[in-house]
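Okay, model-v8.cif now, which holds mmCIF, C-alpha atoms and all ligand atoms:
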```cif
data_start
loop_
_atom_site.label_atom_id
_atom_site.label_comp_id
_atom_site.auth_asym_id
_atom_site.auth_seq_id
_atom_site.Cartn_x
_atom_site.Cartn_y
_atom_site.Cartn_z
CA MET Y 12 22.31 -29.16 -27.17
CA GLN Y 13 19.29 -31.39 -27.60
CA GLN Y 14 16.25 -30.45 -29.61
CA THR Y 15 13.17 -29.38 -27.75
CA ASN Y 16 11.03 -32.47 -27.52
CA GLU Y 17 7.98 -30.59 -28.59
CA ALA Y 18 9.14 -28.39 -31.43
CA LEU Y 19 7.65 -24.97 -31.86
CA PRO Y 20 5.08 -24.97 -34.70
CA ARG Y 21 6.82 -23.76 -37.85
CA GLU Y 22 4.36 -20.92 -38.40
CA ILE Y 23 5.12 -19.37 -34.99
CA LEU Y 24 8.87 -19.65 -35.47
CA ASP Y 25 8.60 -18.13 -38.95
CA SER Y 26 6.44 -15.21 -37.88
CA GLY Y 27 8.59 -14.60 -34.79
CA THR Y 28 11.77 -14.60 -36.87
CA LYS Y 29 10.18 -12.29 -39.42
CA LEU Y 30 9.15 -9.87 -36.68
CA LEU Y 31 12.65 -9.99 -35.18
CA VAL Y 32 14.30 -9.28 -38.54
CA ASN Y 33 11.89 -6.42 -39.01
CA LEU Y 34 12.63 -4.95 -35.56
CA CYS Y 35 16.38 -5.23 -36.24
CA SER Y 36 15.98 -3.42 -39.57
CA ILE Y 37 14.64 -0.38 -37.76
CA SER Y 38 17.65 1.60 -36.56
CA SER Y 39 17.14 2.54 -32.89
CA ALA Y 40 20.48 3.56 -31.41
CA SER Y 41 20.13 5.38 -28.08
CA GLY Y 42 19.22 9.00 -28.85
CA ASP Y 43 17.65 8.20 -32.24
CA ILE Y 44 14.24 9.28 -31.00
CA ALA Y 45 12.35 8.61 -34.24
CA GLY Y 46 13.91 5.15 -34.58
CA VAL Y 47 13.23 4.18 -30.98
CA ARG Y 48 9.64 5.36 -31.38
CA ALA Y 49 9.21 3.30 -34.57
CA VAL Y 50 10.36 0.18 -32.69
CA ALA Y 51 8.00 0.98 -29.80
CA GLU Y 52 5.05 1.39 -32.15
CA ARG Y 53 5.80 -1.82 -34.03
CA ILE Y 54 5.88 -3.76 -30.73
CA ALA Y 55 2.77 -1.99 -29.45
CA ALA Y 56 0.83 -3.10 -32.54
CA GLU Y 57 1.87 -6.73 -31.95
CA LEU Y 58 0.87 -6.62 -28.29
CA ALA Y 59 -2.47 -4.99 -29.11
CA ARG Y 60 -3.25 -8.08 -31.23
CA HIS Y 61 -3.13 -10.02 -27.99
CA GLY Y 62 -5.59 -7.77 -26.24
CA LEU Y 63 -3.06 -5.89 -24.13
CA ALA Y 64 -3.77 -2.21 -23.50
CA THR Y 65 -0.68 -0.59 -25.00
CA GLU Y 66 0.52 2.98 -25.04
CA VAL Y 67 3.66 4.69 -26.19
CA VAL Y 68 4.07 7.55 -23.73
CA SER Y 69 6.49 10.45 -23.94
CA GLU Y 70 8.96 10.71 -21.08
CA PRO Y 71 11.51 13.47 -20.53
CA ASP Y 72 15.09 12.52 -19.65
CA ASP Y 73 17.49 14.65 -17.60
CA ASP Y 74 18.84 16.38 -20.71
CA GLY Y 75 15.41 17.63 -21.74
CA ASN Y 76 14.93 15.08 -24.53
CA VAL Y 77 11.49 13.54 -24.80
CA LEU Y 78 11.67 9.81 -25.48
CA PRO Y 79 9.07 7.11 -26.09
CA LEU Y 80 8.30 4.58 -23.36
CA LEU Y 81 6.19 1.54 -24.19
CA VAL Y 82 3.78 0.32 -21.52
CA ALA Y 83 1.44 -2.65 -22.15
CA ARG Y 84 -1.00 -4.04 -19.61
CA GLY Y 85 -3.17 -7.11 -19.33
CA SER Y 86 -6.75 -6.60 -18.14
CA GLU Y 87 -5.81 -7.15 -14.48
CA ALA Y 88 -2.39 -5.53 -14.31
CA GLY Y 89 -2.73 -3.42 -11.17
CA VAL Y 90 -0.19 -2.45 -8.57
CA HIS Y 91 1.24 -5.99 -8.24
CA PRO Y 92 1.70 -7.01 -11.89
CA LEU Y 93 3.72 -9.81 -13.41
CA LEU Y 94 6.21 -7.35 -14.89
CA LEU Y 95 8.43 -7.97 -17.90
CA VAL Y 96 11.04 -5.37 -18.80
CA GLY Y 97 13.18 -4.75 -21.84
CA HIS Y 98 14.73 -1.90 -23.79
CA LEU Y 99 14.07 -0.49 -27.25
CA ASP Y 100 17.46 1.10 -27.87
CA THR Y 101 20.69 -0.41 -29.23
CA VAL Y 102 24.30 0.73 -28.91
CA LEU Y 103 24.97 0.86 -32.67
CA ASP Y 104 22.72 1.92 -35.51
CA ALA Y 105 21.28 -0.79 -37.71
CA VAL Y 106 22.85 -2.51 -40.70
CA PRO Y 107 20.77 -4.85 -42.91
CA PRO Y 108 20.09 -8.14 -41.03
CA ARG Y 109 21.30 -11.42 -42.51
CA ILE Y 110 20.44 -15.03 -41.64
CA ASP Y 111 23.13 -17.61 -42.21
CA ASP Y 112 22.91 -21.24 -41.06
CA GLY Y 113 20.55 -20.65 -38.14
CA ILE Y 114 22.27 -17.48 -36.99
CA LEU Y 115 20.75 -14.01 -37.28
CA TRP Y 116 23.44 -11.35 -37.74
CA ALA Y 117 21.82 -8.01 -36.89
CA THR Y 118 22.17 -4.98 -34.65
CA GLY Y 119 20.16 -5.53 -31.49
CA ALA Y 120 19.30 -9.13 -32.41
CA LEU Y 121 20.83 -10.31 -29.14
CA ASP Y 122 20.58 -7.15 -27.05
CA MET Y 123 17.68 -7.25 -26.97
CA LYS Y 124 15.15 -7.26 -29.76
CA GLY Y 125 15.47 -11.06 -29.63
CA GLY Y 126 13.91 -11.06 -26.16
CA ILE Y 127 11.05 -8.81 -27.26
CA ALA Y 128 10.28 -10.90 -30.37
CA MET Y 129 10.48 -13.99 -28.14
CA LEU Y 130 7.73 -12.57 -25.91
CA ILE Y 131 5.42 -11.82 -28.82
CA ALA Y 132 6.02 -15.29 -30.33
CA ALA Y 133 5.34 -16.85 -26.89
CA LEU Y 134 1.99 -15.00 -26.79
CA ASP Y 135 1.26 -16.31 -30.31
CA LEU Y 136 2.10 -19.83 -29.14
CA LEU Y 137 -0.27 -19.53 -26.18
CA THR Y 138 -3.05 -18.35 -28.51
CA LEU Y 139 -2.43 -21.33 -30.78
CA ARG Y 140 -2.64 -23.66 -27.77
CA GLY Y 141 -5.89 -22.02 -26.68
CA GLU Y 142 -4.24 -20.60 -23.57
CA THR Y 143 -3.84 -17.06 -22.30
CA PRO Y 144 -1.05 -15.29 -20.44
CA PRO Y 145 -1.70 -14.21 -16.84
CA ALA Y 146 -4.22 -11.35 -16.85
CA ASP Y 147 -1.93 -9.28 -14.63
CA ILE Y 148 0.92 -9.31 -17.18
CA MET Y 149 2.60 -5.97 -17.85
CA LEU Y 150 5.44 -5.10 -20.22
CA VAL Y 151 7.59 -1.99 -19.96
CA CYS Y 152 10.13 -1.25 -22.72
CA VAL Y 153 12.43 1.69 -22.05
CA PRO Y 154 14.26 3.89 -24.58
CA ASP Y 155 17.59 4.62 -22.86
CA GLU Y 156 18.99 1.51 -21.14
CA GLU Y 157 22.16 1.42 -23.23
CA VAL Y 158 23.19 4.84 -21.96
CA GLY Y 159 22.23 4.07 -18.35
CA GLY Y 160 19.38 6.50 -18.76
CA THR Y 161 17.17 8.00 -16.11
CA ILE Y 162 13.93 6.97 -17.86
CA SER Y 163 14.96 3.31 -17.49
CA GLU Y 164 15.77 3.76 -13.85
CA ARG Y 165 12.57 5.65 -13.06
CA ALA Y 166 10.34 3.22 -14.95
CA VAL Y 167 11.75 0.10 -13.30
CA ARG Y 168 11.68 1.73 -9.88
CA ARG Y 169 8.09 2.86 -10.36
CA TRP Y 170 6.58 -0.40 -11.60
CA GLY Y 171 9.10 -2.91 -10.30
CA GLN Y 172 8.85 -2.46 -6.56
CA GLY Y 173 5.25 -3.65 -6.34
CA ALA Y 174 5.57 -6.38 -8.97
CA ARG Y 175 4.74 -9.93 -7.88
CA ALA Y 176 7.62 -10.99 -10.14
CA LEU Y 177 10.06 -9.20 -12.43
CA LEU Y 178 11.08 -11.05 -15.58
CA VAL Y 179 13.95 -9.47 -17.49
CA ILE Y 180 14.10 -10.54 -21.13
CA GLU Y 181 17.75 -9.57 -21.63
CA PRO Y 182 19.82 -12.40 -23.14
CA GLY Y 183 21.20 -15.38 -21.24
CA GLU Y 184 24.55 -16.83 -22.22
CA ARG Y 185 25.82 -19.99 -23.80
CA ARG Y 186 27.75 -22.18 -21.35
CA GLY Y 187 29.17 -25.31 -23.00
CA ASP Y 188 26.18 -27.30 -24.20
CA ALA Y 189 23.85 -25.46 -21.83
CA GLU Y 190 22.47 -21.93 -21.67
CA THR Y 191 22.16 -19.64 -18.66
CA LEU Y 192 19.60 -17.70 -16.72
CA VAL Y 193 20.66 -14.81 -14.46
CA ALA Y 194 19.73 -15.04 -10.77
CA GLY Y 195 22.12 -12.54 -9.16
CA ARG Y 196 23.68 -9.18 -9.87
CA ARG Y 197 26.14 -7.30 -7.70
CA GLY Y 198 25.32 -4.06 -6.01
CA LEU Y 199 27.90 -1.43 -5.16
CA PHE Y 200 28.66 1.59 -3.07
CA GLU Y 201 31.12 4.32 -3.87
CA TRP Y 202 33.46 5.56 -1.18
CA LYS Y 203 35.94 8.36 -0.56
CA LEU Y 204 38.83 8.43 1.89
CA GLU Y 205 40.60 11.64 2.95
CA ALA Y 206 43.64 12.01 5.16
CA THR Y 207 45.35 15.03 6.63
CA GLY Y 208 48.77 14.60 8.24
CA ARG Y 209 51.55 17.02 9.13
CA SER Y 210 53.94 18.53 6.66
CA ALA Y 211 57.66 18.71 7.51
CA HIS Y 212 61.03 19.03 5.77
CA SER Y 213 61.99 15.48 4.85
CA GLY Y 214 65.68 16.21 5.28
CA LEU Y 215 65.63 18.25 8.47
CA ALA Y 216 62.55 17.05 10.37
CA TYR Y 217 61.36 13.81 8.78
CA TRP Y 218 60.11 12.22 12.05
CA GLN Y 219 58.05 15.27 12.91
CA GLY Y 220 56.03 14.82 9.73
CA ARG Y 221 52.96 12.60 9.38
CA SER Y 222 52.54 11.34 5.82
CA ALA Y 223 48.93 11.28 4.70
CA LEU Y 224 50.11 9.76 1.43
CA GLY Y 225 51.82 6.91 3.25
CA ALA Y 226 48.73 6.26 5.36
CA VAL Y 227 46.30 6.30 2.43
CA ALA Y 228 48.59 4.06 0.37
CA ASP Y 229 48.76 1.62 3.30
CA TRP Y 230 44.95 1.76 3.59
CA ALA Y 231 44.53 1.24 -0.16
CA ALA Y 232 46.75 -1.84 -0.22
CA GLN Y 233 44.87 -3.41 2.69
CA ALA Y 234 41.46 -2.48 1.30
CA GLN Y 235 42.22 -4.08 -2.06
CA ARG Y 236 43.32 -7.23 -0.20
CA MET Y 237 39.83 -7.51 1.34
CA SER Y 238 38.60 -8.54 -2.14
CA GLU Y 239 37.43 -12.14 -2.33
CA THR Y 240 37.28 -14.33 -5.41
CA GLY Y 241 33.99 -16.09 -6.17
CA PRO Y 242 30.74 -14.71 -4.78
CA GLY Y 243 32.35 -12.49 -2.12
CA VAL Y 244 33.05 -8.78 -2.05
CA THR Y 245 35.51 -6.74 -4.10
CA VAL Y 246 37.06 -3.38 -3.29
CA ASN Y 247 38.49 -1.24 -6.05
CA VAL Y 248 40.73 1.73 -5.30
CA ALA Y 249 40.12 3.74 -8.45
CA ARG Y 250 42.14 6.90 -7.70
CA LEU Y 251 44.74 7.96 -5.17
CA VAL Y 252 46.11 11.47 -5.06
CA GLY Y 253 48.68 12.49 -2.46
CA GLY Y 254 51.27 15.18 -1.84
CA ASP Y 255 51.56 18.45 -0.02
CA THR Y 256 48.23 20.18 0.61
CA ASP Y 257 48.72 22.76 -2.14
CA PHE Y 258 49.50 20.06 -4.67
CA VAL Y 259 46.45 17.93 -3.84
CA ASN Y 260 43.96 20.75 -3.44
CA GLY Y 261 45.15 22.49 -6.59
CA LEU Y 262 45.83 19.41 -8.67
CA ALA Y 263 44.72 20.90 -11.97
CA ALA Y 264 47.11 23.82 -11.61
CA ASN Y 265 49.96 21.85 -10.00
CA HIS Y 266 50.20 18.72 -12.13
CA ALA Y 267 53.30 20.16 -13.86
CA LEU Y 268 55.22 19.37 -10.65
CA LEU Y 269 55.13 15.69 -11.63
CA GLY Y 270 58.52 14.60 -12.93
CA THR Y 271 60.36 17.59 -11.48
CA SER Y 272 62.51 17.78 -8.33
CA ARG Y 273 60.38 20.47 -6.76
CA ARG Y 274 58.79 19.87 -3.35
CA ARG Y 275 60.02 16.29 -3.09
CA ASN Y 276 61.51 17.30 0.24
CA VAL Y 277 58.08 17.84 1.82
CA VAL Y 278 56.38 15.10 3.85
CA ALA Y 279 53.06 14.65 2.01
CA ASP Y 280 50.39 15.93 4.38
CA ARG Y 281 47.32 15.47 2.22
CA ALA Y 282 45.89 12.44 0.36
CA ILE Y 283 42.56 11.40 -1.14
CA ALA Y 284 41.53 8.00 -2.44
CA GLU Y 285 38.23 7.05 -4.02
CA GLY Y 286 36.71 3.91 -5.44
CA GLU Y 287 33.89 1.45 -5.01
CA ALA Y 288 33.01 -1.86 -3.40
CA ARG Y 289 30.81 -4.52 -5.01
CA PHE Y 290 28.86 -7.31 -3.33
CA LEU Y 291 26.16 -9.88 -4.01
CA THR Y 292 24.08 -9.66 -0.84
CA ALA Y 293 22.98 -6.77 1.36
CA ALA Y 294 24.72 -8.47 4.32
CA ASP Y 295 27.99 -8.57 2.36
CA GLY Y 296 27.58 -4.86 1.62
CA LEU Y 297 27.26 -4.05 5.33
CA ARG Y 298 30.14 -6.37 6.17
CA ILE Y 299 32.57 -4.69 3.77
CA LEU Y 300 31.39 -1.23 4.81
CA GLY Y 301 32.15 -2.09 8.45
CA ARG Y 302 35.57 -3.50 7.58
CA LEU Y 303 36.53 -0.37 5.63
CA GLN Y 304 35.38 1.87 8.49
CA ARG Y 305 37.41 -0.14 11.03
CA LEU Y 306 40.41 -0.11 8.70
CA THR Y 307 40.16 3.68 8.59
CA GLU Y 308 40.14 3.98 12.40
CA GLY Y 309 43.09 1.60 12.69
CA MET Y 310 45.11 3.37 10.02
CA ALA Y 311 44.50 6.80 11.53
CA ALA Y 312 45.82 5.50 14.87
CA THR Y 313 48.80 3.69 13.36
CA HIS Y 314 49.88 6.69 11.31
CA ASP Y 315 48.89 9.24 13.98
CA LEU Y 316 46.86 11.51 11.74
CA ARG Y 317 43.27 12.31 10.76
CA MET Y 318 41.41 10.12 8.28
CA THR Y 319 37.76 10.23 7.23
CA PHE Y 320 35.91 7.57 5.27
CA ALA Y 321 32.62 8.42 3.54
CA GLN Y 322 30.21 6.14 1.73
CA GLY Y 323 28.73 7.67 -1.43
CA MET Y 324 26.15 6.60 -4.01
CA SER Y 325 24.95 3.02 -3.65
CA VAL Y 326 23.10 0.46 -5.76
CA PRO Y 327 21.42 -2.55 -4.10
CA PRO Y 328 22.40 -6.09 -5.16
CA VAL Y 329 20.14 -8.82 -6.50
CA ASP Y 330 20.76 -11.74 -4.16
CA PRO Y 331 20.75 -15.04 -6.11
CA ASN Y 332 19.20 -16.68 -3.03
CA GLY Y 333 16.53 -14.02 -2.68
CA PRO Y 334 12.80 -14.29 -3.48
CA GLY Y 335 13.52 -15.00 -7.17
CA ALA Y 336 15.26 -18.31 -6.40
CA PRO Y 337 12.13 -20.53 -6.52
CA VAL Y 338 11.09 -19.01 -9.87
CA VAL Y 339 14.61 -19.56 -11.24
CA GLN Y 340 14.38 -23.24 -10.21
CA ARG Y 341 10.97 -23.48 -11.87
CA VAL Y 342 12.35 -22.10 -15.15
CA ILE Y 343 15.22 -24.60 -15.08
CA GLN Y 344 12.73 -27.39 -14.54
CA LEU Y 345 10.54 -26.19 -17.44
CA ALA Y 346 13.57 -26.24 -19.76
CA ALA Y 347 14.47 -29.74 -18.56
CA GLU Y 348 10.94 -30.93 -19.29
CA ARG Y 349 11.47 -29.76 -22.89
CA GLY Y 350 14.78 -31.63 -23.12
CA TRP Y 351 17.41 -28.90 -22.70
CA ARG Y 352 19.61 -27.61 -19.94
CA LEU Y 353 19.63 -24.21 -18.28
CA GLU Y 354 22.22 -23.24 -15.69
CA VAL Y 355 22.16 -20.36 -13.21
CA GLU Y 356 24.42 -17.32 -13.40
CA ASP Y 357 24.63 -16.30 -9.75
CA ASP Y 358 26.84 -13.35 -10.35
CA ARG Y 359 26.37 -11.46 -13.62
CA GLY Y 360 28.54 -8.36 -13.75
CA GLY Y 361 27.35 -4.84 -14.37
CA ILE Y 362 24.40 -2.81 -13.17
CA SER Y 363 21.13 -3.54 -14.94
CA PHE Y 364 17.33 -3.33 -14.66
CA PRO Y 365 16.86 -5.26 -11.38
CA ASN Y 366 19.37 -3.04 -9.56
CA TYR Y 367 17.12 -0.03 -10.20
CA ILE Y 368 14.47 -1.32 -7.81
CA ALA Y 369 14.76 0.43 -4.45
CA ASP Y 370 14.81 -2.93 -2.64
CA PRO Y 371 15.41 -5.92 -4.95
CA ALA Y 372 15.40 -8.20 -1.88
CA LYS Y 373 11.59 -7.86 -1.81
CA VAL Y 374 10.85 -8.85 -5.43
CA ALA Y 375 11.08 -12.23 -7.20
CA ILE Y 376 13.49 -11.47 -10.02
CA VAL Y 377 14.54 -13.64 -12.97
CA ASP Y 378 16.95 -12.13 -15.47
CA GLY Y 379 18.51 -13.40 -18.69
CA LEU Y 380 15.34 -15.02 -20.08
CA GLY Y 381 16.18 -13.92 -23.63
CA PRO Y 382 17.82 -16.05 -26.33
CA VAL Y 383 21.61 -16.37 -26.52
CA GLY Y 384 24.19 -15.31 -29.09
CA ASP Y 385 27.36 -13.29 -29.05
CA GLY Y 386 29.00 -10.00 -30.06
CA MET Y 387 26.77 -7.71 -28.01
CA HIS Y 388 27.36 -3.99 -28.77
CA THR Y 389 29.58 -4.81 -31.79
CA ARG Y 390 29.18 -5.21 -35.54
CA GLU Y 391 29.53 -8.97 -34.96
CA GLU Y 392 26.33 -9.14 -32.92
CA HIS Y 393 24.36 -12.29 -33.67
CA LEU Y 394 21.59 -14.44 -32.27
CA ASP Y 395 21.25 -18.21 -32.25
CA LEU Y 396 17.82 -18.88 -33.79
CA ARG Y 397 17.72 -22.36 -32.18
CA SER Y 398 17.97 -20.65 -28.79
CA PHE Y 399 15.26 -18.22 -29.93
CA GLU Y 400 13.04 -21.22 -30.72
CA ARG Y 401 13.70 -22.97 -27.38
CA ARG Y 402 13.12 -19.85 -25.35
CA ILE Y 403 9.84 -18.96 -27.05
CA VAL Y 404 8.50 -22.29 -25.78
CA LEU Y 405 10.16 -21.73 -22.39
CA LEU Y 406 8.58 -18.30 -21.90
CA ALA Y 407 5.15 -19.58 -22.97
CA ASP Y 408 5.47 -22.43 -20.44
CA LEU Y 409 6.64 -20.01 -17.76
CA LEU Y 410 3.74 -17.61 -18.32
CA VAL Y 411 1.33 -20.52 -17.85
CA ALA Y 412 3.22 -21.65 -14.73
CA LEU Y 413 3.05 -18.14 -13.28
CA ALA Y 414 -0.72 -17.80 -13.69
CA PRO Y 415 -2.08 -16.34 -10.43
CA ARG Y 416 -3.62 -18.93 -8.13
CA ASP Y 417 -6.82 -17.99 -6.28
ZN ZN H 501 20.49 -5.01 -23.10
#
```

Before we go any further, please render this structure as structure tokens.
Amino acid sequence: MQQTNEALPREILDSGTKLLVNLCSISSASGDIAGVRAVAERIAAELARHGLATEVVSEPDDDGNVLPLLVARGSEAGVHPLLLVGHLDTVLDAVPPRIDDGILWATGALDMKGGIAMLIAALDLLTLRGETPPADIMLVCVPDEEVGGTISERAVRRWGQGARALLVIEPGERRGDAETLVAGRRGLFEWKLEATGRSAHSGLAYWQGRSALGAVADWAAQAQRMSETGPGVTVNVARLVGGDTDFVNGLAANHALLGTSRRRNVVADRAIAEGEARFLTAADGLRILGRLQRLTEGMAATHDLRMTFAQGMSVPPVDPNGPGAPVVQRVIQLAAERGWRLEVEDDRGGISFPNYIADPAKVAIVDGLGPVGDGMHTREEHLDLRSFERRIVLLADLLVALAPRD
């Protein structure tokens, strides 16, 4: 990795690193309400220095806990803000941070106090250059992302849908001598398949039976085979339960039948499978839904029994070729102008902030803007301070590039 050709002034790097170490020293595991609030207040104080209107508001979660949510607004942050999002919580509680040879070993250093300290240092850098961030900038830091919390989901849905751009300051990744930026995230839908056949004695009347278990197993094998490597769709059959109707409908009571000889002579007339499908574009989601529905009709006919397929909960995808693509290209260009290389992650796994927006296809989204490291969610978590340095400059340059044009 090359050096940035215009190094960050030492004073900004030092104060940014000091702030980051300080944030990492405050233990803020999900559910540690006092710790999460202390982190929120520390960040709020830093943002207030830059003239942002900051508040730490109390938000209830679904379990009745009241957690702090940090909201900071520039003077013109209205309904279409330039929105940055991050989270205050960590998976583990804090241990004392340690810097060794350009690496910061600390809980939350990578995920994602590094991204938050990066933002504040980028604002400091702009001030030093005599520049200002876009007046419509807004930052939302949530308290429960690491537990997939409802406050995170609600906050991103509320402020994200109208945003003119959504910048997620979660970490990128190292990729050889480059680093990454995240452009795409898969969406998913859950599904459930049920089949009802005809029970019969497998010794006396086998051909009069219709095996729901056989049909659902056939369906499951074909559905899994619809999975495509690369950017395509995947189908996961997570559970399959089959047997006679009493066995399936009373599984909890009847599981002791497993391993015995009892009722093996009954054609299995009831089966249920459930799982999920994942996809990178809305069109792919519709395509796989249609294929699974047609597979169900075909299987019901082939096996001469009743099958129903139902789509359940769904999460929209972030299409890497959606409205965020031009901004992603701009960020890559800004890094190149500073002498280092960013690559695009088109397909980052897992559900995260951008998926919470009701329709991510309408918002310009750039994810993975935060500095890189390794060991996320473990005691080995660490952050590369050289990446921290590069990305402070990158974010400052990006904020200038994203200034609203009249
Ligand atoms: Zn994170």

### Near-stretch 394-399 of chain Y list (7 Å; all atoms listed in the file; drop same-chain fewer than 2 positions) as a list in words
Gly113, Ile114, Leu115, Trp116, Ala120, Leu121, Met129, Pro382, Val383, Gly384, Asp385, Arg401, Arg402 and Ile403 of chain Y

Using only C-alpha atoms, tabulate the residues of stretch 189-256 of chain Y lying at most 6 Å from any atom of stretch 313-320 of chain Y, each with its closest atom pair and that distance in Å to one decimal, by chain and increasing residue number, as CSV.
```
residue,atom,partner,partner_atom,distance
Y:Lys203,CA,Y:Phe320,CA,5.9
Y:Leu204,CA,Y:Phe320,CA,4.5
Y:Glu205,CA,Y:Thr319,CA,5.3
Y:Ala206,CA,Y:Met318,CA,4.3
Y:Thr207,CA,Y:Arg317,CA,5.4
Y:Gly208,CA,Y:Leu316,CA,5.0
```

#### Entry: Interatomic distance, atom CA of Y:Val47 to atom CA of Y:Asp74 (Å, one decimal)
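Separation between atom CA of Y:Val47 and atom CA of Y:Asp74: 16.9 Å.
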
### Task
Check every protein, DNA and RNA residue against ligand ZN 501 (chain H), keep those with an atom at most 10 Å away (counting only C-alpha atoms and all ligand atoms), and present them as a ChimeraX atom specification.
/Y:97-102,119,121-124,126,156-157,179-182,363-364,379,381,387-388

### Query
Taking into account all atoms listed in the file, which residue in the set Y:Ala223, Y:Leu137, Y:Ile343, Y:Ala284 is nearest to Y:Leu19?
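Among the listed residues, the smallest separation from Y:Leu19 belongs to Y:Leu137.
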
#### Entry: Point (0.5, -9.6, -14.9) neighbourhood (9 Å, only C-alpha atoms) written as a list of chain:residue names
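The residues near that point, listed by chain and number, are Y:Arg84, Y:Gly85, Y:Ser86, Y:Glu87, Y:Ala88, Y:Gly89, Y:His91, Y:Pro92, Y:Leu93, Y:Leu94, Y:Leu95, Y:Pro144, Y:Pro145, Y:Ala146, Y:Asp147, Y:Ile148, Y:Met149, Y:Leu150, Y:Ala174, Y:Arg175, Y:Ala176, Y:Ala414, Y:Pro415.
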
### Task
Mind giving me the straight-line distance from atom CA of Y:Trp351 to atom CA of Y:Glu190 in Å, one decimal?
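Value for the atom CA of Y:Trp351-atom CA of Y:Glu190 distance: 8.7 Å.
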
### Task
Work out how far apart atom CA of Y:Ala49 and atom CA of Y:Ser36 are and give it in Å to one decimal.
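One can read the atom CA of Y:Ala49 to atom CA of Y:Ser36 distance as 10.8 Å.
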
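Compared by their closest atoms to Y:Gly301, and using only C-alpha atoms, the residues Y:Pro337, Y:Leu269, Y:Ala282, Y:Ala234 rank with Y:Ala234 nearest.
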
### Message
Please list as a PyMOL selection string every residue within 12 Å of Y:Pro331, counting only C-alpha atoms and excluding residues in the same chain fewer than 2 positions away.
### Response
chain Y and resi 192-198+242+290-293+328-329+333-340+355-359+365+371-372+374-378

### Query
Which is closer to Y:Glu285 than all the others in Y:Ala166, Y:Leu409, Y:Ala321, Y:Ala226, using only C-alpha atoms?
Y:Ala321

Can you build me a table of stretch 280-346 of chain Y residues sitting at most 10 Å from stretch 247-254 of chain Y, with the closest atom pair per residue and its distance in Å to one decimal, using only C-alpha atoms, sorted by chain and residue number, as a Markdown table?
```
| residue | atom | partner | partner_atom | distance |
| --- | --- | --- | --- | --- |
| Y:Asp280 | CA | Y:Gly254 | CA | 6.3 |
| Y:Arg281 | CA | Y:Gly254 | CA | 5.7 |
| Y:Ala282 | CA | Y:Gly253 | CA | 4.0 |
| Y:Ile283 | CA | Y:Val252 | CA | 5.3 |
| Y:Ala284 | CA | Y:Leu251 | CA | 4.2 |
| Y:Glu285 | CA | Y:Arg250 | CA | 5.4 |
| Y:Gly286 | CA | Y:Ala249 | CA | 4.6 |
| Y:Glu287 | CA | Y:Asn247 | CA | 5.4 |
| Y:Ala288 | CA | Y:Asn247 | CA | 6.1 |
| Y:Arg289 | CA | Y:Asn247 | CA | 8.4 |
```

### Task
List the neighbours of Y:Val246 out to 12 Å using only C-alpha atoms; skip same-chain residues closer than 3 positions along the sequence, and give me the result as a list of chain:residue names.
Y:Leu199, Y:Phe200, Y:Glu201, Y:Trp202, Y:Trp230, Y:Ala231, Y:Ala232, Y:Gln233, Y:Ala234, Y:Gln235, Y:Arg236, Y:Met237, Y:Ser238, Y:Glu239, Y:Thr240, Y:Gly243, Y:Ala249, Y:Glu285, Y:Gly286, Y:Glu287, Y:Ala288, Y:Arg289, Y:Phe290, Y:Asp295, Y:Gly296, Y:Ile299, Y:Leu300, Y:Arg302, Y:Leu303

### Task
Excluding Y:Ser213 and any residue of its chain fewer than 4 positions from it, enumerate the residues within 8 Å of it, using all atoms listed in the file, and give them as a PyMOL selection string.
chain Y and resi 217+220+276-278

Counting all atoms listed in the file, which residues sit no farther than 10 Å from the position (9.9, -9.9, -34.0) in the file's frame? I'd like them as a compact mmCIF listing (two decimals) with C-alpha atoms, keeping the file's coordinate frame.
```
# COMPACT_ATOMS: atom_id res chain seq x y z
CA LEU Y 24 8.87 -19.65 -35.47
CA ASP Y 25 8.60 -18.13 -38.95
CA SER Y 26 6.44 -15.21 -37.88
CA GLY Y 27 8.59 -14.60 -34.79
CA THR Y 28 11.77 -14.60 -36.87
CA LYS Y 29 10.18 -12.29 -39.42
CA LEU Y 30 9.15 -9.87 -36.68
CA LEU Y 31 12.65 -9.99 -35.18
CA VAL Y 32 14.30 -9.28 -38.54
CA ASN Y 33 11.89 -6.42 -39.01
CA LEU Y 34 12.63 -4.95 -35.56
CA CYS Y 35 16.38 -5.23 -36.24
CA ARG Y 53 5.80 -1.82 -34.03
CA ILE Y 54 5.88 -3.76 -30.73
CA GLU Y 57 1.87 -6.73 -31.95
CA ALA Y 120 19.30 -9.13 -32.41
CA LYS Y 124 15.15 -7.26 -29.76
CA GLY Y 125 15.47 -11.06 -29.63
CA GLY Y 126 13.91 -11.06 -26.16
CA ILE Y 127 11.05 -8.81 -27.26
CA ALA Y 128 10.28 -10.90 -30.37
CA MET Y 129 10.48 -13.99 -28.14
CA LEU Y 130 7.73 -12.57 -25.91
CA ILE Y 131 5.42 -11.82 -28.82
CA ALA Y 132 6.02 -15.29 -30.33
```

### Query
When distances are computed from all atoms listed in the file, which of Y:Leu268, Y:Val153, Y:Ala189, Y:Leu224 shows the smallest separation from Y:Ser41?
Y:Val153

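Between Y:Ala228 and the residues Y:Ala216, Y:Met310, Y:Val158, Y:Pro20, the shortest atom-to-atom distance, using all atoms listed in the file, involves Y:Met310.
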